[in-house]
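With CSV, C-alpha atoms inside, this is work-v8.csv:
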```csv
chain,number,residue,atom,x,y,z
A,1,MET,CA,88.5,-9.4,1.2
A,2,ARG,CA,85.2,-8.5,2.7
A,3,LYS,CA,82.9,-11.3,3.5
A,4,LYS,CA,79.7,-11.0,1.6
A,5,THR,CA,76.8,-11.0,4.0
A,6,ILE,CA,73.5,-12.4,2.8
A,7,VAL,CA,70.5,-10.7,4.2
A,8,LYS,CA,67.6,-13.0,4.4
A,9,MET,CA,64.3,-11.3,3.7
A,10,PRO,CA,61.6,-12.5,6.0
A,11,GLU,CA,59.1,-14.6,4.2
A,12,GLU,CA,55.7,-13.0,3.6
A,13,PRO,CA,53.2,-14.3,6.1
A,14,ASN,CA,50.6,-16.4,4.3
A,15,TYR,CA,47.5,-16.7,6.3
A,16,ASP,CA,43.8,-17.4,5.5
A,17,LEU,CA,41.1,-15.2,6.9
A,18,ASP,CA,39.0,-17.2,9.2
A,19,LEU,CA,35.5,-16.7,7.8
A,20,ALA,CA,33.8,-19.4,9.8
A,21,PRO,CA,32.4,-17.2,12.6
A,22,MET,CA,31.1,-14.7,10.1
A,23,LEU,CA,29.5,-17.5,8.1
A,24,ALA,CA,27.9,-18.9,11.3
A,25,MET,CA,26.4,-15.5,12.1
A,26,MET,CA,25.0,-15.2,8.6
A,27,VAL,CA,23.6,-18.7,8.7
A,28,ALA,CA,21.7,-17.7,11.9
A,29,LEU,CA,20.7,-14.2,10.7
A,30,ILE,CA,19.4,-15.2,7.2
A,31,PRO,CA,16.7,-17.6,8.4
A,32,ILE,CA,15.5,-15.1,11.0
A,33,LEU,CA,15.2,-12.4,8.3
A,34,LEU,CA,13.6,-14.7,5.8
A,35,LEU,CA,10.9,-15.6,8.4
A,36,SER,CA,10.2,-12.0,9.4
A,37,THR,CA,10.6,-10.2,6.1
A,38,VAL,CA,7.4,-9.0,4.5
A,39,PHE,CA,7.8,-9.2,0.8
A,40,VAL,CA,4.5,-7.5,0.2
A,41,LYS,CA,5.6,-3.9,0.2
A,42,VAL,CA,4.2,-1.9,3.0
A,43,LYS,CA,3.8,1.8,2.3
A,44,ILE,CA,6.5,4.2,3.4
A,45,ILE,CA,5.7,7.1,5.6
A,46,GLU,CA,6.3,10.3,3.7
A,47,SER,CA,5.3,13.8,4.1
A,48,PRO,CA,6.2,15.4,0.7
A,49,LEU,CA,3.6,18.2,0.9
A,50,PRO,CA,4.7,21.7,1.6
A,51,GLN,CA,3.0,23.5,4.4
A,52,VAL,CA,0.9,25.6,2.1
A,53,ILE,CA,-0.7,22.6,0.3
A,54,GLN,CA,-1.3,20.8,3.6
A,55,GLU,CA,-3.1,24.0,4.8
A,56,ALA,CA,-5.2,24.1,1.6
A,57,ILE,CA,-6.2,20.4,2.0
A,58,ALA,CA,-7.1,20.9,5.7
A,59,GLU,CA,-9.1,24.0,4.8
A,60,ASP,CA,-10.9,22.1,2.0
A,61,GLN,CA,-11.7,19.3,4.4
A,62,LYS,CA,-13.0,21.7,7.1
A,63,ASN,CA,-15.2,23.5,4.5
A,64,GLY,CA,-18.6,22.1,5.5
A,65,GLU,CA,-20.6,24.0,2.9
A,66,ARG,CA,-18.4,23.5,-0.1
A,67,LYS,CA,-18.6,26.1,-2.9
A,68,VAL,CA,-17.2,23.7,-5.5
A,69,GLU,CA,-18.2,20.1,-5.4
A,70,ILE,CA,-16.6,17.7,-7.9
A,71,SER,CA,-18.2,14.3,-8.4
A,72,LEU,CA,-17.5,11.5,-10.8
A,73,GLU,CA,-20.2,9.0,-11.8
A,74,ALA,CA,-18.2,6.0,-13.0
A,75,SER,CA,-19.7,3.0,-14.8
A,76,LEU,CA,-18.7,0.9,-17.7
A,77,LYS,CA,-21.3,2.8,-19.8
A,78,GLY,CA,-19.3,6.1,-19.3
A,79,PHE,CA,-17.7,8.6,-17.0
A,80,VAL,CA,-19.8,11.6,-16.0
A,81,LEU,CA,-17.8,14.4,-14.4
A,82,VAL,CA,-20.0,16.9,-12.6
A,83,VAL,CA,-18.7,20.2,-11.3
A,84,ASP,CA,-21.1,22.0,-9.0
A,85,ASN,CA,-19.9,25.6,-8.6
A,86,ASN,CA,-22.3,27.4,-6.3
A,87,GLY,CA,-25.3,25.5,-7.7
A,88,ARG,CA,-24.2,25.9,-11.3
A,89,LYS,CA,-23.6,22.4,-12.6
A,90,GLN,CA,-21.4,21.5,-15.5
A,91,ARG,CA,-21.5,17.9,-16.7
A,92,LYS,CA,-19.0,16.3,-18.9
A,93,ARG,CA,-19.6,12.8,-20.3
A,94,PHE,CA,-17.0,10.7,-21.9
A,95,SER,CA,-16.2,7.1,-22.7
A,96,ALA,CA,-15.2,4.9,-19.7
A,97,THR,CA,-13.5,2.2,-21.7
A,98,LYS,CA,-10.6,2.1,-24.1
A,99,GLY,CA,-10.6,-1.4,-25.6
A,100,GLU,CA,-10.9,-3.7,-22.6
A,101,GLU,CA,-9.3,-1.4,-20.1
A,102,LEU,CA,-10.8,1.7,-18.4
A,103,ASN,CA,-10.2,5.0,-20.2
A,104,LEU,CA,-7.9,6.3,-17.4
A,105,ASP,CA,-6.0,8.6,-19.7
A,106,GLY,CA,-9.2,10.4,-20.7
A,107,LEU,CA,-10.3,10.5,-17.1
A,108,LYS,CA,-6.9,12.1,-16.1
A,109,LYS,CA,-7.2,14.7,-18.8
A,110,ALA,CA,-10.7,15.7,-17.7
A,111,LEU,CA,-9.7,15.8,-14.1
A,112,ILE,CA,-6.6,18.0,-14.9
A,113,GLU,CA,-8.9,20.4,-16.7
A,114,VAL,CA,-11.2,20.6,-13.7
A,115,LYS,CA,-8.3,20.9,-11.3
A,116,LYS,CA,-6.8,23.8,-13.3
A,117,ARG,CA,-10.0,25.7,-12.8
A,118,HIS,CA,-10.4,24.8,-9.1
A,119,PRO,CA,-6.9,24.3,-7.7
A,120,ARG,CA,-8.1,24.6,-4.1
A,121,SER,CA,-10.5,21.6,-4.3
A,122,PHE,CA,-8.9,18.4,-3.1
A,123,GLN,CA,-12.0,16.2,-2.7
A,124,LEU,CA,-13.7,14.1,-5.3
A,125,MET,CA,-17.0,12.4,-4.7
A,126,LEU,CA,-16.9,9.1,-6.5
A,127,LYS,CA,-20.1,7.3,-7.4
A,128,PRO,CA,-19.1,3.9,-8.8
A,129,GLY,CA,-21.5,1.8,-10.8
A,130,SER,CA,-22.4,-1.6,-9.3
A,131,GLU,CA,-20.7,-3.5,-12.2
A,132,LEU,CA,-17.3,-2.0,-11.4
A,133,SER,CA,-14.8,-4.2,-9.6
A,134,TYR,CA,-12.8,-3.1,-6.6
A,135,LYS,CA,-9.6,-3.2,-8.8
A,136,GLN,CA,-11.2,-0.7,-11.2
A,137,ILE,CA,-12.3,1.5,-8.4
A,138,VAL,CA,-8.8,1.6,-7.0
A,139,GLN,CA,-7.5,2.4,-10.5
A,140,ILE,CA,-9.9,5.4,-10.7
A,141,MET,CA,-8.8,6.6,-7.2
A,142,ASP,CA,-5.1,6.3,-8.3
A,143,THR,CA,-5.8,8.3,-11.4
A,144,ALA,CA,-7.6,11.0,-9.4
A,145,ARG,CA,-4.9,11.2,-6.7
A,146,ASP,CA,-2.2,13.0,-8.7
A,147,THR,CA,-1.0,13.9,-12.2
A,148,GLY,CA,2.0,11.5,-12.0
A,149,LYS,CA,5.7,12.1,-12.0
A,150,ASN,CA,5.9,14.1,-15.2
A,151,GLY,CA,2.4,15.5,-15.1
A,152,PRO,CA,1.5,19.2,-14.8
A,153,GLU,CA,1.6,20.9,-11.4
A,154,PHE,CA,-0.9,23.3,-9.9
A,155,THR,CA,-0.1,26.4,-7.9
A,156,VAL,CA,-1.8,26.8,-4.6
A,157,LYS,CA,-1.6,30.1,-2.7
A,158,SER,CA,-1.9,30.2,1.1
A,159,SER,CA,-4.8,32.3,2.3
A,160,GLN,CA,-2.9,33.3,5.4
A,161,THR,CA,0.7,34.0,4.3
A,162,GLU,CA,0.2,34.6,0.5
A,163,GLU,CA,2.9,32.0,0.0
A,164,GLU,CA,2.7,29.9,-3.2
A,165,ALA,CA,3.5,26.3,-3.7
A,166,SER,CA,3.2,23.8,-6.6
A,167,THR,CA,1.9,20.3,-6.3
A,168,ASN,CA,0.9,17.5,-8.6
A,169,LEU,CA,-1.8,16.4,-6.3
A,170,MET,CA,-5.3,16.6,-7.7
A,171,PHE,CA,-7.9,14.8,-5.5
A,172,PRO,CA,-6.2,12.8,-2.8
A,173,LYS,CA,-9.4,12.6,-0.8
A,174,VAL,CA,-12.0,10.4,-2.5
A,175,VAL,CA,-15.4,10.0,-0.8
A,176,PHE,CA,-17.9,7.3,-1.9
A,177,GLY,CA,-20.9,9.5,-2.8
A,178,ASN,CA,-23.4,6.7,-3.3
A,179,LEU,CA,-22.6,4.6,-0.3
A,180,MET,CA,-25.6,5.6,1.7
A,181,GLU,CA,-28.0,5.6,-1.2
A,182,GLY,CA,-30.3,2.7,-1.5
B,1,MET,CA,60.4,-37.3,-15.1
B,2,SER,CA,60.5,-33.6,-15.7
B,3,ARG,CA,61.6,-31.2,-13.0
B,4,VAL,CA,58.2,-29.4,-13.1
B,5,THR,CA,56.2,-32.6,-12.5
B,6,GLU,CA,58.5,-33.5,-9.6
B,7,ARG,CA,57.9,-30.1,-8.0
B,8,MET,CA,54.2,-30.5,-8.3
B,9,ARG,CA,54.2,-33.8,-6.7
B,10,GLN,CA,56.2,-32.4,-3.8
B,11,ASN,CA,53.8,-29.5,-3.4
B,12,ASN,CA,50.8,-31.8,-3.3
B,13,LYS,CA,52.3,-33.9,-0.5
B,14,LYS,CA,52.7,-30.8,1.6
B,15,SER,CA,49.3,-29.1,0.9
B,16,THR,CA,46.4,-29.3,3.3
B,17,PHE,CA,42.8,-29.1,2.2
B,18,VAL,CA,41.2,-25.7,2.9
B,19,LEU,CA,37.6,-25.0,2.2
B,20,GLN,CA,37.2,-21.8,0.1
B,21,LEU,CA,34.4,-20.0,1.8
B,22,THR,CA,34.9,-16.6,0.2
B,23,ALA,CA,32.4,-17.1,-2.6
B,24,MET,CA,29.8,-18.4,-0.1
B,25,VAL,CA,30.3,-15.4,2.2
B,26,ASP,CA,29.9,-13.1,-0.8
B,27,MET,CA,26.6,-14.7,-1.7
B,28,PHE,CA,25.4,-14.4,1.9
B,29,THR,CA,26.4,-10.8,2.1
B,30,ILE,CA,24.3,-9.9,-0.9
B,31,LEU,CA,21.4,-11.9,0.5
B,32,LEU,CA,21.7,-10.2,3.8
B,33,VAL,CA,21.7,-6.8,2.3
B,34,PHE,CA,18.7,-7.6,0.2
B,35,LEU,CA,16.8,-9.0,3.2
B,36,LEU,CA,17.7,-6.0,5.4
B,37,LYS,CA,16.5,-3.7,2.6
B,38,SER,CA,13.1,-5.4,2.3
B,39,TYR,CA,12.7,-5.9,6.1
B,40,SER,CA,9.7,-4.1,7.3
B,41,THR,CA,9.8,-2.1,10.5
B,42,SER,CA,6.2,-1.0,10.3
B,43,ALA,CA,4.2,-1.5,13.5
B,44,VAL,CA,1.2,-2.6,11.5
B,45,ASN,CA,1.6,-6.0,9.9
B,46,ILE,CA,-0.8,-6.8,7.1
B,47,THR,CA,-0.5,-10.3,5.8
B,48,PRO,CA,-2.9,-11.0,3.0
B,49,SER,CA,-4.8,-14.2,3.4
B,50,GLU,CA,-4.4,-17.1,0.9
B,51,GLY,CA,-6.5,-16.6,-2.2
B,52,LEU,CA,-7.1,-12.9,-1.4
B,53,ASN,CA,-5.7,-10.6,-4.1
B,54,LEU,CA,-5.3,-7.1,-3.0
B,55,PRO,CA,-5.3,-4.5,-5.8
B,56,PHE,CA,-2.2,-2.6,-6.7
B,57,SER,CA,-2.1,1.1,-6.0
B,58,THR,CA,0.2,4.1,-6.3
B,59,SER,CA,-0.7,5.3,-2.8
B,60,GLN,CA,2.2,6.0,-0.5
B,61,GLU,CA,0.4,6.2,2.8
B,62,ALA,CA,1.5,3.8,5.5
B,63,PRO,CA,-1.0,1.5,7.0
B,64,ILE,CA,-2.3,2.4,10.4
B,65,GLU,CA,-3.7,0.3,13.3
B,66,ALA,CA,-7.4,-0.3,13.0
B,67,LEU,CA,-9.9,-3.1,13.1
B,68,LYS,CA,-9.1,-5.5,10.3
B,69,LEU,CA,-12.0,-6.4,8.0
B,70,VAL,CA,-11.2,-9.0,5.3
B,71,VAL,CA,-13.6,-9.2,2.4
B,72,ALA,CA,-12.7,-12.3,0.5
B,73,GLN,CA,-14.4,-14.2,-2.4
B,74,ASP,CA,-15.8,-16.6,0.1
B,75,GLY,CA,-16.9,-14.4,3.0
B,76,VAL,CA,-16.3,-11.6,5.4
B,77,PHE,CA,-13.8,-11.9,8.3
B,78,VAL,CA,-13.4,-9.6,11.2
B,79,GLY,CA,-9.9,-10.3,12.5
B,80,ASP,CA,-9.7,-14.0,12.2
B,81,GLN,CA,-13.3,-14.7,12.8
B,82,ARG,CA,-15.6,-15.6,9.8
B,83,VAL,CA,-18.7,-13.5,10.1
B,84,ILE,CA,-20.7,-14.1,6.9
B,85,ASP,CA,-20.3,-16.4,3.9
B,86,PHE,CA,-20.4,-15.4,0.2
B,87,LYS,CA,-21.3,-17.5,-2.7
B,88,ASP,CA,-19.3,-16.6,-5.9
B,89,GLY,CA,-18.4,-13.3,-4.4
B,90,GLN,CA,-22.0,-12.4,-3.7
B,91,VAL,CA,-23.8,-11.9,-0.4
B,92,LEU,CA,-26.4,-14.6,0.4
B,93,ASN,CA,-30.0,-13.5,0.7
B,94,GLU,CA,-30.3,-14.8,4.3
B,95,ASP,CA,-27.6,-12.4,5.4
B,96,MET,CA,-29.3,-9.3,4.0
B,97,SER,CA,-32.0,-7.4,5.8
B,98,LYS,CA,-35.5,-7.7,4.3
B,99,ASP,CA,-36.1,-4.0,4.6
B,100,ASP,CA,-32.7,-2.8,3.4
B,101,PRO,CA,-30.8,-5.2,1.1
B,102,ASP,CA,-27.5,-3.3,1.7
B,103,PHE,CA,-27.7,-3.9,5.4
B,104,LEU,CA,-25.9,-7.1,6.5
B,105,THR,CA,-27.5,-8.1,9.8
B,106,LYS,CA,-24.8,-10.6,11.1
B,107,LEU,CA,-22.0,-8.3,10.2
B,108,TYR,CA,-23.7,-5.4,11.8
B,109,ALA,CA,-24.2,-7.3,15.0
B,110,TYR,CA,-20.6,-8.4,15.1
B,111,LEU,CA,-19.2,-5.0,14.4
B,112,GLU,CA,-21.5,-3.3,16.8
B,113,LYS,CA,-20.3,-5.7,19.5
B,114,GLU,CA,-16.7,-4.9,18.7
B,115,ALA,CA,-17.4,-1.2,18.8
B,116,THR,CA,-19.2,-1.4,22.1
B,117,LYS,CA,-16.3,-3.4,23.5
B,118,THR,CA,-13.7,-0.8,22.4
B,119,GLN,CA,-15.9,2.0,23.7
B,120,GLU,CA,-16.2,0.3,27.1
B,121,ILE,CA,-12.4,-0.1,27.3
B,122,ALA,CA,-12.0,3.5,26.2
B,123,ALA,CA,-14.3,4.7,29.0
B,124,ARG,CA,-12.0,3.0,31.6
B,125,ASN,CA,-8.7,3.6,29.9
B,126,GLN,CA,-8.0,7.0,28.6
B,127,ALA,CA,-5.0,5.8,26.5
B,128,ILE,CA,-7.4,4.0,24.3
B,129,GLN,CA,-9.9,5.8,22.0
B,130,PHE,CA,-12.6,4.5,19.8
B,131,THR,CA,-11.7,6.1,16.4
B,132,GLY,CA,-14.2,4.3,14.2
B,133,ARG,CA,-11.3,3.3,12.0
B,134,ILE,CA,-11.5,0.1,9.9
B,135,LEU,CA,-8.9,-1.3,7.6
B,136,MET,CA,-10.6,-3.2,4.8
B,137,GLN,CA,-8.6,-5.8,2.9
B,138,ALA,CA,-10.8,-6.7,-0.1
B,139,ASP,CA,-10.3,-9.0,-3.0
B,140,GLU,CA,-9.7,-7.0,-6.3
B,141,ASN,CA,-12.2,-9.0,-8.2
B,142,LEU,CA,-15.1,-8.3,-5.9
B,143,SER,CA,-17.8,-6.1,-7.4
B,144,TYR,CA,-18.8,-2.8,-5.9
B,145,VAL,CA,-22.3,-4.2,-5.1
B,146,THR,CA,-20.8,-6.5,-2.6
B,147,LEU,CA,-18.3,-4.0,-1.2
B,148,LYS,CA,-21.0,-1.3,-0.9
B,149,LYS,CA,-23.0,-3.6,1.4
B,150,VAL,CA,-20.0,-4.3,3.6
B,151,MET,CA,-18.9,-0.6,3.8
B,152,TYR,CA,-22.5,0.6,4.3
B,153,THR,CA,-23.0,-1.9,7.2
B,154,ALA,CA,-19.7,-1.0,8.8
B,155,SER,CA,-20.4,2.7,8.7
B,156,LEU,CA,-23.8,2.1,10.4
B,157,ALA,CA,-22.0,0.1,13.1
B,158,GLY,CA,-19.9,3.2,13.9
B,159,TYR,CA,-16.9,2.5,11.7
B,160,THR,CA,-17.0,5.5,9.5
B,161,ASP,CA,-13.3,6.0,8.9
B,162,LEU,CA,-12.6,3.4,6.2
B,163,LYS,CA,-9.1,2.6,5.1
B,164,MET,CA,-8.5,0.4,2.1
B,165,ALA,CA,-5.5,-1.9,2.1
B,166,THR,CA,-3.7,-2.1,-1.2
B,167,ILE,CA,-0.3,-3.4,-2.4
B,168,GLY,CA,2.2,-0.7,-3.2
B,169,GLU,CA,4.3,-0.5,-6.3
```
Please go through the file and, once you have read it, give me the structure as structure tokens.
Amino acid sequence: MRKKTIVKMPEEPNYDLDLAPMLAMMVALIPILLLSTVFVKVKIIESPLPQVIQEAIAEDQKNGERKVEISLEASLKGFVLVVDNNGRKQRKRFSATKGEELNLDGLKKALIEVKKRHPRSFQLMLKPGSELSYKQIVQIMDTARDTGKNGPEFTVKSSQTEEEASTNLMFPKVVFGNLMEG
Amino acid sequence: MSRVTERMRQNNKKSTFVLQLTAMVDMFTILLVFLLKSYSTSAVNITPSEGLNLPFSTSQEAPIEALKLVVAQDGVFVGDQRVIDFKDGQVLNEDMSKDDPDFLTKLYAYLEKEATKTQEIAARNQAIQFTGRILMQADENLSYVTLKKVMYTASLAGYTDLKMATIGE
């Protein structure tokens, strides 16, 4: 009779991963990062503009004698949007407040209308009233900068290459018009 | 005594105490990823002073190196140096010029000195240029009357390229 051989299966090795060095590294790294991290969000460098729009903005900035000048007189009494087209001035007055907040929706609508008529203008001359706070001025500048994520886009045509590009930028360059006034 | 209880007792005798670090390592890994994500690599470090509330803005432009002008509720600072004092966010009469109430004499003198210093360095070292750039960190509750005086004075001192520091979304 054949002898029955018993094959012993090797026992599965049971070991624990030594996490102590990893833990030591993390304990050293986390305080360094906590000390050096800036939680106040610093702006990210982005260049989202197509070449055509960058050219148009540069041209608009170079244009010393501007044909179209758009200015906004902002005070709590009301917004006055003035479009000076070769000396012909168009004024639009509307309410500056909506409840306790600034009427930024109304301002955006008015600026979109102006931008549709003058898509190659990128500068807005802002004349804030003395009673406005810095926060409100920044809100107005933000409103004038672009139409937002879902807002309408404007088509700009390159004067050199005839190439067209769309942008939601309205007036990214805001100049304080009454800074030098007494 | 049951067989199961006997076995458990035997097992307990053999076991050694091992600290379970897995959960802690998990937590540290999440923390590390979060900190690395929010770690700023920007060359320009803007640290808002205590009590200074910068306004929120949708602007995406990165801050650039410039002379730092802090306009707080209690005064104006250039770098770390207090130049003029405010009372309730308003400029004191003694700091205003008699001829031109928007002109702040002390601030002008300080900024002009800074501009001259940079221009002298720029004349000797071509790597440095006087750009007239100023980075204004102003409190969101300050009125335009106060800010206008500061901006007007800074532009007369040669700092015509004004950048306003805001907090991103």
Interface, chain B side, toward chain A (6 Å; only C-alpha atoms) as a list of chain:residue names: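 Result, ordered by chain then number: B:Tyr39, B:Pro55, B:Gln60, B:Glu61, B:Ala62, B:Glu140, B:Asn141, B:Leu142, B:Ser143, B:Tyr144, B:Val145, B:Gly168.
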Would you output that residue set with C-alpha atoms, as a JSON list (two decimals), in the frame of the given file?
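Once everything was written out, this is part06.json:
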```json
[["chain", "number", "residue", "atom", "x", "y", "z"],
["B", 39, "TYR", "CA", 12.70, -5.90, 6.10],
["B", 55, "PRO", "CA", -5.30, -4.50, -5.80],
["B", 60, "GLN", "CA", 2.20, 6.00, -0.50],
["B", 61, "GLU", "CA", 0.40, 6.20, 2.80],
["B", 62, "ALA", "CA", 1.50, 3.80, 5.50],
["B", 140, "GLU", "CA", -9.70, -7.00, -6.30],
["B", 141, "ASN", "CA", -12.20, -9.00, -8.20],
["B", 142, "LEU", "CA", -15.10, -8.30, -5.90],
["B", 143, "SER", "CA", -17.80, -6.10, -7.40],
["B", 144, "TYR", "CA", -18.80, -2.80, -5.90],
["B", 145, "VAL", "CA", -22.30, -4.20, -5.10],
["B", 168, "GLY", "CA", 2.20, -0.70, -3.20]]
```
Just the residues within 7 Å of range 146-163 of chain B, please, counting only C-alpha atoms, with nothing from its chain fewer than 6 positions along; format it as number ranges by chain. A: 179-180; B: 90-91, 102-104, 108, 111-112, 132-136
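Reported to one decimal place, the separation of CA of Glu73 in chain A from CA of Lys89 in chain A is 13.8 Å.
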Take CA of Val175 in chain A and CA of Pro119 in chain A and report the distance between them in Å, one decimal. 18.0 Å
